[in-house]
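Structure file upload.txt (compact mmCIF, C-alpha atoms (C1' of nucleotides)) is printed below.
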```txt
# COMPACT_ATOMS: atom_id res chain seq x y z
CA MET J 1 31.83 16.60 -32.22
CA ASN J 2 31.50 15.39 -28.69
CA LYS J 3 28.62 16.67 -26.59
CA SER J 4 30.51 16.66 -23.29
CA SER J 5 33.48 18.58 -24.68
CA GLN J 6 31.05 21.20 -25.98
CA CYS J 7 29.59 21.51 -22.54
CA GLU J 8 33.05 21.83 -21.02
CA ALA J 9 34.01 24.43 -23.66
CA SER J 10 30.95 26.47 -22.83
CA GLU J 11 31.82 26.42 -19.13
CA MET J 12 35.41 27.46 -19.81
CA LEU J 13 34.29 30.36 -21.97
CA LYS J 14 31.86 31.62 -19.32
CA ARG J 15 34.51 31.35 -16.62
CA ALA J 16 36.84 33.49 -18.75
CA GLY J 17 34.15 36.11 -19.25
CA ILE J 18 33.76 35.33 -22.96
CA SER J 19 30.24 34.92 -24.29
CA PRO J 20 29.82 31.32 -25.44
CA SER J 21 28.71 31.67 -29.04
CA TYR J 22 28.14 28.64 -31.23
CA GLN J 23 31.37 29.23 -33.16
CA ARG J 24 33.53 29.70 -30.07
CA ILE J 25 32.16 26.55 -28.50
CA MET J 26 32.93 24.63 -31.69
CA VAL J 27 36.51 25.90 -31.88
CA LEU J 28 37.35 25.31 -28.23
CA SER J 29 35.71 21.89 -28.05
CA ALA J 30 37.60 20.81 -31.17
CA LEU J 31 40.79 21.74 -29.34
CA LEU J 32 39.72 19.94 -26.16
CA GLU J 33 39.04 16.73 -28.08
CA THR J 34 42.61 16.29 -29.30
CA ASP J 35 46.07 16.10 -27.78
CA GLU J 36 47.74 16.71 -31.13
CA HIS J 37 48.33 20.44 -30.69
CA PRO J 38 46.56 21.41 -33.90
CA SER J 39 47.11 24.56 -35.98
CA ALA J 40 44.34 27.05 -36.68
CA ASP J 41 44.02 25.62 -40.17
CA THR J 42 43.71 22.06 -38.88
CA ILE J 43 40.84 23.14 -36.64
CA TYR J 44 39.27 25.08 -39.50
CA LYS J 45 39.35 22.01 -41.72
CA LYS J 46 38.03 19.75 -38.99
CA LEU J 47 35.06 22.08 -38.54
CA GLY J 48 34.70 22.76 -42.25
CA SER J 49 32.26 19.95 -42.87
CA ASN J 50 29.83 21.22 -40.21
CA ILE J 51 26.60 23.00 -40.98
CA PRO J 52 26.67 25.92 -40.48
CA ALA J 53 30.29 26.23 -41.56
CA ILE J 54 32.65 28.50 -39.65
CA SER J 55 34.85 31.03 -41.39
CA ARG J 56 38.60 30.97 -41.19
CA ALA J 57 38.71 34.43 -39.65
CA THR J 58 36.49 33.28 -36.78
CA VAL J 59 38.79 30.36 -36.03
CA TYR J 60 41.77 32.72 -35.86
CA ASN J 61 39.86 35.36 -33.88
CA THR J 62 38.65 32.81 -31.36
CA LEU J 63 42.01 31.14 -30.85
CA ASN J 64 43.72 34.51 -30.39
CA LEU J 65 41.07 35.62 -27.94
CA LEU J 66 41.46 32.43 -25.93
CA VAL J 67 45.24 32.85 -25.81
CA ASP J 68 44.91 36.48 -24.69
CA ARG J 69 42.57 35.47 -21.89
CA GLY J 70 44.87 32.67 -20.79
CA VAL J 71 42.35 29.92 -21.57
CA ILE J 72 44.65 28.09 -23.97
CA GLN J 73 48.34 28.18 -24.91
CA SER J 74 49.96 28.86 -28.26
CA MET J 75 53.39 27.90 -29.45
CA ARG J 76 55.47 28.38 -32.52
CA THR J 77 58.51 26.53 -33.64
CA ALA J 78 60.76 27.18 -36.59
CA GLY J 79 59.29 26.05 -39.87
CA SER J 80 55.66 25.58 -38.96
CA GLU J 81 52.48 27.43 -38.11
CA THR J 82 51.30 28.41 -34.67
CA ARG J 83 50.01 25.43 -32.76
CA PHE J 84 47.51 25.42 -29.93
CA ASP J 85 47.20 23.49 -26.70
CA SER J 86 44.18 23.39 -24.41
CA ILE J 87 46.26 22.37 -21.39
CA CYS J 88 47.08 25.58 -19.65
CA GLU J 89 49.02 24.42 -16.61
CA ALA J 90 52.80 24.73 -16.97
CA HIS J 91 54.18 21.70 -18.78
CA SER J 92 56.89 20.77 -21.23
CA HIS J 93 56.91 20.06 -24.95
CA PHE J 94 59.10 18.13 -27.32
CA PHE J 95 59.18 19.37 -30.95
CA CYS J 96 60.26 16.95 -33.65
CA ARG J 97 62.19 18.80 -36.35
CA LYS J 98 61.36 16.13 -38.92
CA CYS J 99 57.68 15.23 -38.63
CA LYS J 100 56.74 18.48 -36.79
CA LYS J 101 54.77 16.55 -34.16
CA ILE J 102 54.59 18.05 -30.70
CA TYR J 103 54.68 15.72 -27.69
CA ASP J 104 53.63 16.59 -24.17
CA ILE J 105 56.33 15.87 -21.64
CA ALA J 106 54.94 14.75 -18.33
CA LYS J 107 58.09 15.56 -16.38
CA GLN J 108 57.50 18.16 -13.75
CA ILE J 109 58.58 21.65 -14.65
CA GLY J 110 60.86 23.28 -12.07
CA GLU J 111 59.86 26.08 -9.80
CA ILE J 112 56.96 28.25 -11.01
CA LYS J 113 58.09 31.87 -11.33
CA THR J 114 55.93 34.96 -11.22
CA GLU J 115 58.80 37.40 -11.62
CA LEU J 116 62.22 37.18 -13.21
CA ASP J 117 64.79 40.00 -13.46
CA GLY J 118 61.91 42.45 -13.00
CA HIS J 119 59.86 40.92 -15.83
CA LEU J 120 56.31 39.74 -15.12
CA VAL J 121 56.09 36.03 -15.94
CA GLU J 122 52.68 34.94 -17.21
CA SER J 123 53.60 31.52 -18.56
CA GLN J 124 56.60 29.24 -18.65
CA GLU J 125 57.45 26.21 -20.68
CA PHE J 126 60.34 23.83 -21.20
CA VAL J 127 61.01 23.37 -24.89
CA TYR J 128 62.96 20.36 -26.10
CA LYS J 129 63.79 20.01 -29.77
CA GLY J 130 65.17 17.10 -31.71
CA LEU J 131 64.17 13.89 -33.44
CA CYS J 132 61.20 11.98 -32.04
CA ARG J 133 61.11 8.26 -31.28
CA GLU J 134 59.24 7.41 -34.50
CA CYS J 135 61.50 9.46 -36.77
CA ARG J 136 64.58 7.91 -35.14
CA GLU J 137 63.25 4.46 -36.06
CA GLU J 138 62.61 5.64 -39.62
CA MET J 139 66.19 6.91 -39.89
CA LYS J 140 67.68 3.56 -38.85
CA LYS J 141 66.15 1.80 -41.86
CA MET F 1 81.21 45.60 -39.22
CA ASN F 2 83.77 44.52 -36.66
CA LYS F 3 86.94 42.86 -37.89
CA SER F 4 87.30 40.50 -34.92
CA SER F 5 83.74 39.20 -35.15
CA GLN F 6 84.33 38.47 -38.84
CA CYS F 7 87.41 36.49 -37.89
CA GLU F 8 85.43 34.60 -35.26
CA ALA F 9 82.60 33.96 -37.74
CA SER F 10 85.07 32.54 -40.25
CA GLU F 11 86.49 30.18 -37.62
CA MET F 12 83.02 29.02 -36.57
CA LEU F 13 82.05 28.29 -40.15
CA LYS F 14 85.19 26.26 -40.79
CA ARG F 15 84.68 24.30 -37.58
CA ALA F 16 81.14 23.41 -38.74
CA GLY F 17 82.42 22.26 -42.14
CA ILE F 18 80.82 25.17 -43.98
CA SER F 19 82.96 27.02 -46.49
CA PRO F 20 83.43 30.57 -45.24
CA SER F 21 82.19 32.69 -48.13
CA TYR F 22 82.07 36.48 -47.91
CA GLN F 23 78.26 36.47 -47.48
CA ARG F 24 78.21 33.79 -44.80
CA ILE F 25 80.87 35.60 -42.81
CA MET F 26 78.88 38.83 -43.04
CA VAL F 27 75.65 37.20 -41.87
CA LEU F 28 77.18 35.29 -38.97
CA SER F 29 79.34 38.18 -37.77
CA ALA F 30 76.32 40.49 -37.82
CA LEU F 31 74.61 38.01 -35.52
CA LEU F 32 77.67 37.73 -33.26
CA GLU F 33 77.83 41.49 -32.85
CA THR F 34 74.42 41.82 -31.23
CA ASP F 35 72.57 40.35 -28.29
CA GLU F 36 69.21 41.51 -29.59
CA HIS F 37 68.16 38.23 -31.23
CA PRO F 38 67.53 39.78 -34.64
CA SER F 39 65.21 38.48 -37.35
CA ALA F 40 66.46 37.54 -40.83
CA ASP F 41 65.07 40.78 -42.14
CA THR F 42 66.84 42.84 -39.48
CA ILE F 43 70.13 41.26 -40.49
CA TYR F 44 69.34 41.79 -44.16
CA LYS F 45 68.71 45.49 -43.57
CA LYS F 46 71.79 45.89 -41.42
CA LEU F 47 73.91 44.43 -44.24
CA GLY F 48 71.93 46.17 -46.96
CA SER F 49 74.13 49.25 -47.07
CA ASN F 50 77.27 47.18 -47.69
CA ILE F 51 78.98 46.92 -51.05
CA PRO F 52 78.56 44.38 -52.45
CA ALA F 53 74.99 44.02 -51.17
CA ILE F 54 73.74 40.63 -50.06
CA SER F 55 70.44 39.25 -51.28
CA ARG F 56 67.58 38.42 -48.97
CA ALA F 57 67.58 34.78 -50.08
CA THR F 58 71.22 34.41 -49.06
CA VAL F 59 70.50 35.74 -45.59
CA TYR F 60 67.71 33.19 -45.18
CA ASN F 61 69.76 30.37 -46.71
CA THR F 62 72.71 31.09 -44.47
CA LEU F 63 70.71 31.37 -41.27
CA ASN F 64 68.86 28.13 -42.03
CA LEU F 65 72.12 26.36 -42.81
CA LEU F 66 73.64 27.55 -39.54
CA VAL F 67 70.61 26.36 -37.57
CA ASP F 68 70.70 22.94 -39.29
CA ARG F 69 74.37 22.55 -38.41
CA GLY F 70 73.77 23.60 -34.82
CA VAL F 71 75.97 26.69 -35.07
CA ILE F 72 73.17 29.07 -34.03
CA GLN F 73 69.69 28.79 -32.52
CA SER F 74 66.37 29.94 -33.91
CA MET F 75 63.17 30.69 -32.05
CA ARG F 76 59.67 31.79 -32.85
CA THR F 77 57.11 33.28 -30.60
CA ALA F 78 53.48 34.11 -31.31
CA GLY F 79 53.04 37.24 -33.38
CA SER F 80 56.54 37.76 -34.70
CA GLU F 81 59.09 36.47 -37.17
CA THR F 82 61.74 33.88 -36.49
CA ARG F 83 64.54 35.30 -34.38
CA PHE F 84 68.13 34.12 -34.20
CA ASP F 85 70.63 33.74 -31.40
CA SER F 86 74.34 33.05 -31.77
CA ILE F 87 74.63 31.57 -28.29
CA CYS F 88 74.21 27.86 -28.74
CA GLU F 89 74.63 26.53 -25.22
CA ALA F 90 71.36 25.75 -23.43
CA HIS F 91 69.95 28.88 -21.85
CA SER F 92 66.65 30.55 -21.08
CA HIS F 93 64.69 33.32 -22.77
CA PHE F 94 62.03 35.76 -21.72
CA PHE F 95 59.61 36.91 -24.47
CA CYS F 96 57.73 40.15 -23.95
CA ARG F 97 54.25 39.90 -25.46
CA LYS F 98 54.00 43.68 -25.82
CA CYS F 99 57.29 44.99 -27.23
CA LYS F 100 58.37 41.60 -28.64
CA LYS F 101 61.86 41.95 -27.14
CA ILE F 102 63.67 38.78 -26.19
CA TYR F 103 65.83 38.76 -23.06
CA ASP F 104 68.48 36.24 -22.17
CA ILE F 105 67.95 34.76 -18.74
CA ALA F 106 71.16 34.00 -16.93
CA LYS F 107 69.57 31.53 -14.52
CA GLN F 108 70.97 28.03 -14.89
CA ILE F 109 68.83 25.65 -16.87
CA GLY F 110 68.10 22.34 -15.10
CA GLU F 111 69.59 19.04 -16.05
CA ILE F 112 70.78 18.70 -19.67
CA LYS F 113 68.94 15.84 -21.35
CA THR F 114 70.08 13.85 -24.35
CA GLU F 115 67.05 11.57 -24.41
CA LEU F 116 63.48 11.91 -23.22
CA ASP F 117 60.70 9.31 -23.57
CA GLY F 118 62.72 7.79 -26.39
CA HIS F 119 63.05 11.09 -28.28
CA LEU F 120 66.52 12.35 -29.20
CA VAL F 121 67.03 15.78 -27.61
CA GLU F 122 69.23 18.09 -29.64
CA SER F 123 68.48 21.36 -27.87
CA GLN F 124 66.56 22.56 -24.87
CA GLU F 125 65.37 25.92 -23.74
CA PHE F 126 63.33 27.43 -20.96
CA VAL F 127 60.77 29.85 -22.35
CA TYR F 128 59.21 32.46 -20.12
CA LYS F 129 56.50 34.73 -21.53
CA GLY F 130 54.93 37.84 -20.10
CA LEU F 131 55.43 41.56 -19.77
CA CYS F 132 58.97 42.86 -19.55
CA ARG F 133 60.31 45.31 -16.97
CA GLU F 134 60.12 48.27 -19.36
CA CYS F 135 56.58 47.55 -20.56
CA ARG F 136 55.43 47.13 -16.97
CA GLU F 137 56.70 50.63 -16.23
CA GLU F 138 54.89 51.96 -19.32
CA MET F 139 51.63 50.37 -18.16
CA LYS F 140 51.79 52.03 -14.74
CA LYS F 141 51.65 55.49 -16.27
C1' DT W 1 91.54 25.27 -69.61
C1' DC W 2 87.62 23.05 -69.04
C1' DA W 3 83.95 20.62 -66.54
C1' DA W 4 81.48 20.04 -62.49
C1' DA W 5 80.09 21.38 -58.10
C1' DG W 6 79.07 24.98 -54.88
C1' DA W 7 77.05 29.64 -53.79
C1' DA W 8 74.56 33.68 -54.58
C1' DT W 9 71.04 36.27 -56.81
C1' DA W 10 66.50 38.76 -58.24
C1' DG W 11 62.15 38.26 -58.44
C1' DA W 12 58.06 35.21 -58.41
C1' DT W 13 55.49 32.35 -55.49
C1' DT W 14 53.60 30.35 -51.42
C1' DT W 15 51.50 30.36 -47.07
C1' DA W 16 50.04 31.81 -42.52
C1' DA W 17 47.76 35.28 -40.54
C1' DT W 18 45.50 39.64 -40.34
C1' DC W 19 42.54 43.22 -41.96
C1' DT W 20 38.34 45.37 -44.00
C1' DA W 21 33.89 46.50 -44.42
C1' DA W 22 29.56 44.63 -44.56
C1' DA W 23 26.07 41.38 -42.67
C1' DT W 24 24.03 38.98 -38.54
C1' DA W 25 23.02 38.19 -34.06
C1' DT W 26 22.39 39.44 -29.27
C1' DA W 27 21.16 42.13 -25.21
C1' DG W 28 19.23 45.90 -22.77
C1' DA W 29 16.15 49.76 -22.53
C1' DT W 30 11.76 51.55 -23.24
C1' DA R 1 7.37 43.42 -28.57
C1' DT R 2 10.45 47.12 -30.81
C1' DC R 3 14.25 49.84 -31.19
C1' DT R 4 19.15 50.80 -30.55
C1' DA R 5 23.66 49.85 -29.50
C1' DT R 6 27.03 46.54 -29.13
C1' DA R 7 29.10 42.21 -30.13
C1' DT R 8 30.10 38.60 -33.37
C1' DT R 9 30.75 36.47 -37.72
C1' DT R 10 31.83 36.47 -42.43
C1' DA R 11 34.06 36.30 -47.32
C1' DG R 12 37.45 37.91 -49.60
C1' DA R 13 41.35 41.20 -50.00
C1' DT R 14 45.68 42.24 -48.09
C1' DT R 15 50.05 41.76 -45.75
C1' DA R 16 54.35 39.89 -44.53
C1' DA R 17 57.59 36.14 -43.72
C1' DA R 18 59.79 32.71 -45.89
C1' DT R 19 60.70 29.71 -49.66
C1' DC R 20 61.29 28.46 -54.40
C1' DT R 21 62.93 28.83 -59.20
C1' DA R 22 65.88 29.12 -62.59
C1' DT R 23 69.77 31.78 -63.90
C1' DT R 24 74.39 33.70 -63.04
C1' DC R 25 78.67 33.83 -60.77
C1' DT R 26 82.67 31.39 -58.24
C1' DT R 27 85.57 28.01 -56.95
C1' DT R 28 87.86 23.67 -57.32
C1' DG R 29 90.49 20.26 -59.21
C1' DA R 30 91.18 16.95 -63.12
```
Can you turn what I pasted into structure tokens?
Amino acid sequence: MNKSSQCEASEMLKRAGISPSYQRIMVLSALLETDEHPSADTIYKKLGSNIPAISRATVYNTLNLLVDRGVIQSMRTAGSETRFDSICEAHSHFFCRKCKKIYDIAKQIGEIKTELDGHLVESQEFVYKGLCRECREEMKK
Amino acid sequence: MNKSSQCEASEMLKRAGISPSYQRIMVLSALLETDEHPSADTIYKKLGSNIPAISRATVYNTLNLLVDRGVIQSMRTAGSETRFDSICEAHSHFFCRKCKKIYDIAKQIGEIKTELDGHLVESQEFVYKGLCRECREEMKK
DNA sequence: TCAAAGAATAGATTTAATCTAAATATAGAT
DNA sequence: ATCTATATTTAGATTAAATCTATTCTTTGA
């Protein structure tokens, strides 16, 4: 519950033409404060202890709205819920099939496309899947 | 229900060390016969009219087994079920946010990685999202 | 021919996400 | 300020994908 991330969230909402309600600020700032690519439910639980509490539907509504407006990114991978990422510039992700963690990959993504075979490209992402560093160590034991 | 795709499916199963039961051959050959990246349920319905019928659980079990053994690929995108692809070499996909179609992108994927920041890379994919050619046309009207 | 392992099955259950319909809050007009 | 229309939030019901359970059927090989 960081004051500066709430301020940033409010600014981002205004810039996207979304009115910055208390609930929306809470949801977006919770996402800004972590790099763990949380699920809607994780955010809901994180905010659950607040007064006033926020309903589950609002968390989902807000996240979906933010994705639609291009403020945040969503991703799904086999066997887990939708996960959200506040970094909206094109970047890469590594999905661990064991622990389900998602790592940001710094490596530069190739050329940014706006069109491909006649399709309009709105976002692009390099997806790597496998076994993360930590889980590899675990396996060795 | 193509004879040659069933033969191919049987070969692929054997190569992966999976015993080629009637049901597994049916599921895999159904996937080989299409380039539409079907969902488990789509495959289930396609096979539903066969005698003997195949249960839903078997379709799911088989697809999951094939993904685990690296015989096929699975992918999820926001707002739709898991979709399957029999092409296992690294390639790119375009996801249409409107009609939910998935297009294969011929364009060569960059360098093939086997390791990244210490993580073991088992598969990699370029994911483009946006509005497909057809839906763009629809919008113009 | 029997035991043990491997597969398949129907239907119940789980879980993520959405929907519904009602309650609250906000903004703009008068 | 007060009224009205619109926007937002809410709890709980509903939906839909996927998994689980526990039983049945098949295959294998001693």
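For chain F, the residues within 10 Å of chain W are F:Ser19, F:Ser21, F:Gln23, F:Arg24, F:Ile54, F:Ser55, F:Arg56, F:Ala57, F:Thr58, F:Asn61, F:Gly79, with all atoms listed in the file used to measure distance.
We find CA of Glu36 in chain F and CA of Pro20 in chain F to be spaced 23.8 Å apart.
Within 8 Å of chain F, counting only C-alpha atoms, chain J contributes J:Ser74, J:Met75, J:Arg76, J:Thr77, J:Ala78, J:Thr82, J:Gly110, J:Asp117, J:Gly118, J:His119, J:Leu120, J:Val121, J:Glu122, J:Ser123, J:Gln124, J:Glu125, J:Phe126, J:Val127, J:Tyr128, J:Lys129, J:Gly130, J:Leu131, J:Cys132, J:Arg133, J:Arg136.
For the atom pair formed by CA of Asp35 in chain J and CA of Arg69 in chain J, the distance is 20.5 Å, given to one decimal.
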Using all atoms listed in the file, what table do you get, as JSON lines, when you list each residue of chain R with an atom no more than 12 Å from chain F, its nearest pair of atoms, and their distance in Å rounded to one decimal, rows by chain then rising number?
```
{"residue": "R:DA16", "atom": "C1'", "partner": "F:Glu81", "partner_atom": "CA", "distance": 9.4}
{"residue": "R:DA17", "atom": "C1'", "partner": "F:Glu81", "partner_atom": "CA", "distance": 6.7}
{"residue": "R:DA18", "atom": "C1'", "partner": "F:Tyr60", "partner_atom": "CA", "distance": 8.0}
{"residue": "R:DT19", "atom": "C1'", "partner": "F:Ala57", "partner_atom": "CA", "distance": 8.6}
{"residue": "R:DC20", "atom": "C1'", "partner": "F:Ala57", "partner_atom": "CA", "distance": 9.9}
{"residue": "R:DT21", "atom": "C1'", "partner": "F:Ala57", "partner_atom": "CA", "distance": 11.8}
{"residue": "R:DT26", "atom": "C1'", "partner": "F:Ser21", "partner_atom": "CA", "distance": 10.2}
{"residue": "R:DT27", "atom": "C1'", "partner": "F:Ser21", "partner_atom": "CA", "distance": 10.5}
```
Could you write those residues out with C-alpha atoms (C1' of nucleotides), as a PDB file, in the frame of the given file?
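Result saved to part.pdb:
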```pdb
ATOM      1  C1'  DA R  16      54.350  39.890 -44.530  1.00  0.00           C
ATOM      2  C1'  DA R  17      57.590  36.140 -43.720  1.00  0.00           C
ATOM      3  C1'  DA R  18      59.790  32.710 -45.890  1.00  0.00           C
ATOM      4  C1'  DT R  19      60.700  29.710 -49.660  1.00  0.00           C
ATOM      5  C1'  DC R  20      61.290  28.460 -54.400  1.00  0.00           C
ATOM      6  C1'  DT R  21      62.930  28.830 -59.200  1.00  0.00           C
ATOM      7  C1'  DT R  26      82.670  31.390 -58.240  1.00  0.00           C
ATOM      8  C1'  DT R  27      85.570  28.010 -56.950  1.00  0.00           C
TER       9       DT R  27
END
```
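Atom pair CA of Met12 in chain F / CA of Met26 in chain F has a distance of 12.5 Å (rounded to one decimal).
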Where's the centre, and what are the edge lengths in Å to one decimal, of a box along x, y and z enclosing all listed atoms of range 19-31 of chain F padded 5 Å per side, as AutoDock Vina command-line options?
```
--center_x 79.0 --center_y 33.8 --center_z -41.8 --size_x 18.8 --size_y 23.5 --size_z 22.6
```
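Distance annotation: of J:Glu111, J:Leu66, J:Ser10, J:Tyr44, the residue with the minimal separation from Ser86 in chain J is J:Leu66; atom set is all atoms listed in the file.
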Atom completion result for range 77-91 of chain F (N, CA, C and O atoms) as a PDB file, in the frame of the given file:
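Written output follows (selection_22.pdb):
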```
ATOM      1  N   THR F  77      58.083  33.068 -31.649  1.00  0.00           N
ATOM      2  CA  THR F  77      57.110  33.280 -30.600  1.00  0.00           C
ATOM      3  C   THR F  77      55.889  33.909 -31.259  1.00  0.00           C
ATOM      4  O   THR F  77      56.003  34.567 -32.290  1.00  0.00           O
ATOM      5  N   ALA F  78      54.725  33.652 -30.688  1.00  0.00           N
ATOM      6  CA  ALA F  78      53.480  34.110 -31.310  1.00  0.00           C
ATOM      7  C   ALA F  78      53.578  35.567 -31.727  1.00  0.00           C
ATOM      8  O   ALA F  78      54.059  36.406 -30.980  1.00  0.00           O
ATOM      9  N   GLY F  79      53.142  35.859 -32.939  1.00  0.00           N
ATOM     10  CA  GLY F  79      53.040  37.240 -33.380  1.00  0.00           C
ATOM     11  C   GLY F  79      54.314  37.888 -33.866  1.00  0.00           C
ATOM     12  O   GLY F  79      54.376  39.092 -33.997  1.00  0.00           O
ATOM     13  N   SER F  80      55.343  37.129 -34.157  1.00  0.00           N
ATOM     14  CA  SER F  80      56.540  37.760 -34.700  1.00  0.00           C
ATOM     15  C   SER F  80      57.325  36.778 -35.551  1.00  0.00           C
ATOM     16  O   SER F  80      57.046  35.598 -35.569  1.00  0.00           O
ATOM     17  N   GLU F  81      58.299  37.312 -36.283  1.00  0.00           N
ATOM     18  CA  GLU F  81      59.090  36.470 -37.170  1.00  0.00           C
ATOM     19  C   GLU F  81      60.070  35.620 -36.372  1.00  0.00           C
ATOM     20  O   GLU F  81      60.256  35.830 -35.184  1.00  0.00           O
ATOM     21  N   THR F  82      60.714  34.702 -37.095  1.00  0.00           N
ATOM     22  CA  THR F  82      61.740  33.880 -36.490  1.00  0.00           C
ATOM     23  C   THR F  82      62.915  34.751 -36.063  1.00  0.00           C
ATOM     24  O   THR F  82      63.339  35.628 -36.805  1.00  0.00           O
ATOM     25  N   ARG F  83      63.415  34.519 -34.879  1.00  0.00           N
ATOM     26  CA  ARG F  83      64.540  35.300 -34.380  1.00  0.00           C
ATOM     27  C   ARG F  83      65.721  34.377 -34.163  1.00  0.00           C
ATOM     28  O   ARG F  83      65.556  33.188 -33.896  1.00  0.00           O
ATOM     29  N   PHE F  84      66.926  34.941 -34.273  1.00  0.00           N
ATOM     30  CA  PHE F  84      68.130  34.120 -34.200  1.00  0.00           C
ATOM     31  C   PHE F  84      69.045  34.526 -33.061  1.00  0.00           C
ATOM     32  O   PHE F  84      69.088  35.692 -32.658  1.00  0.00           O
ATOM     33  N   ASP F  85      69.777  33.544 -32.565  1.00  0.00           N
ATOM     34  CA  ASP F  85      70.630  33.740 -31.400  1.00  0.00           C
ATOM     35  C   ASP F  85      71.936  32.990 -31.640  1.00  0.00           C
ATOM     36  O   ASP F  85      71.922  31.805 -31.953  1.00  0.00           O
ATOM     37  N   SER F  86      73.055  33.698 -31.500  1.00  0.00           N
ATOM     38  CA  SER F  86      74.340  33.050 -31.770  1.00  0.00           C
ATOM     39  C   SER F  86      74.840  32.216 -30.607  1.00  0.00           C
ATOM     40  O   SER F  86      75.766  31.437 -30.752  1.00  0.00           O
ATOM     41  N   ILE F  87      74.218  32.373 -29.433  1.00  0.00           N
ATOM     42  CA  ILE F  87      74.630  31.570 -28.290  1.00  0.00           C
ATOM     43  C   ILE F  87      73.987  30.205 -28.418  1.00  0.00           C
ATOM     44  O   ILE F  87      72.771  30.103 -28.487  1.00  0.00           O
ATOM     45  N   CYS F  88      74.795  29.170 -28.469  1.00  0.00           N
ATOM     46  CA  CYS F  88      74.210  27.860 -28.740  1.00  0.00           C
ATOM     47  C   CYS F  88      74.103  26.973 -27.506  1.00  0.00           C
ATOM     48  O   CYS F  88      73.382  25.995 -27.508  1.00  0.00           O
ATOM     49  N   GLU F  89      74.785  27.320 -26.447  1.00  0.00           N
ATOM     50  CA  GLU F  89      74.630  26.530 -25.220  1.00  0.00           C
ATOM     51  C   GLU F  89      73.187  26.697 -24.716  1.00  0.00           C
ATOM     52  O   GLU F  89      72.551  27.725 -24.947  1.00  0.00           O
ATOM     53  N   ALA F  90      72.715  25.689 -23.986  1.00  0.00           N
ATOM     54  CA  ALA F  90      71.360  25.750 -23.430  1.00  0.00           C
ATOM     55  C   ALA F  90      71.227  26.954 -22.510  1.00  0.00           C
ATOM     56  O   ALA F  90      72.067  27.165 -21.633  1.00  0.00           O
ATOM     57  N   HIS F  91      70.231  27.785 -22.762  1.00  0.00           N
ATOM     58  CA  HIS F  91      69.950  28.880 -21.850  1.00  0.00           C
ATOM     59  C   HIS F  91      68.481  29.271 -21.960  1.00  0.00           C
ATOM     60  O   HIS F  91      67.752  28.706 -22.771  1.00  0.00           O
TER      61      HIS F  91
END
```
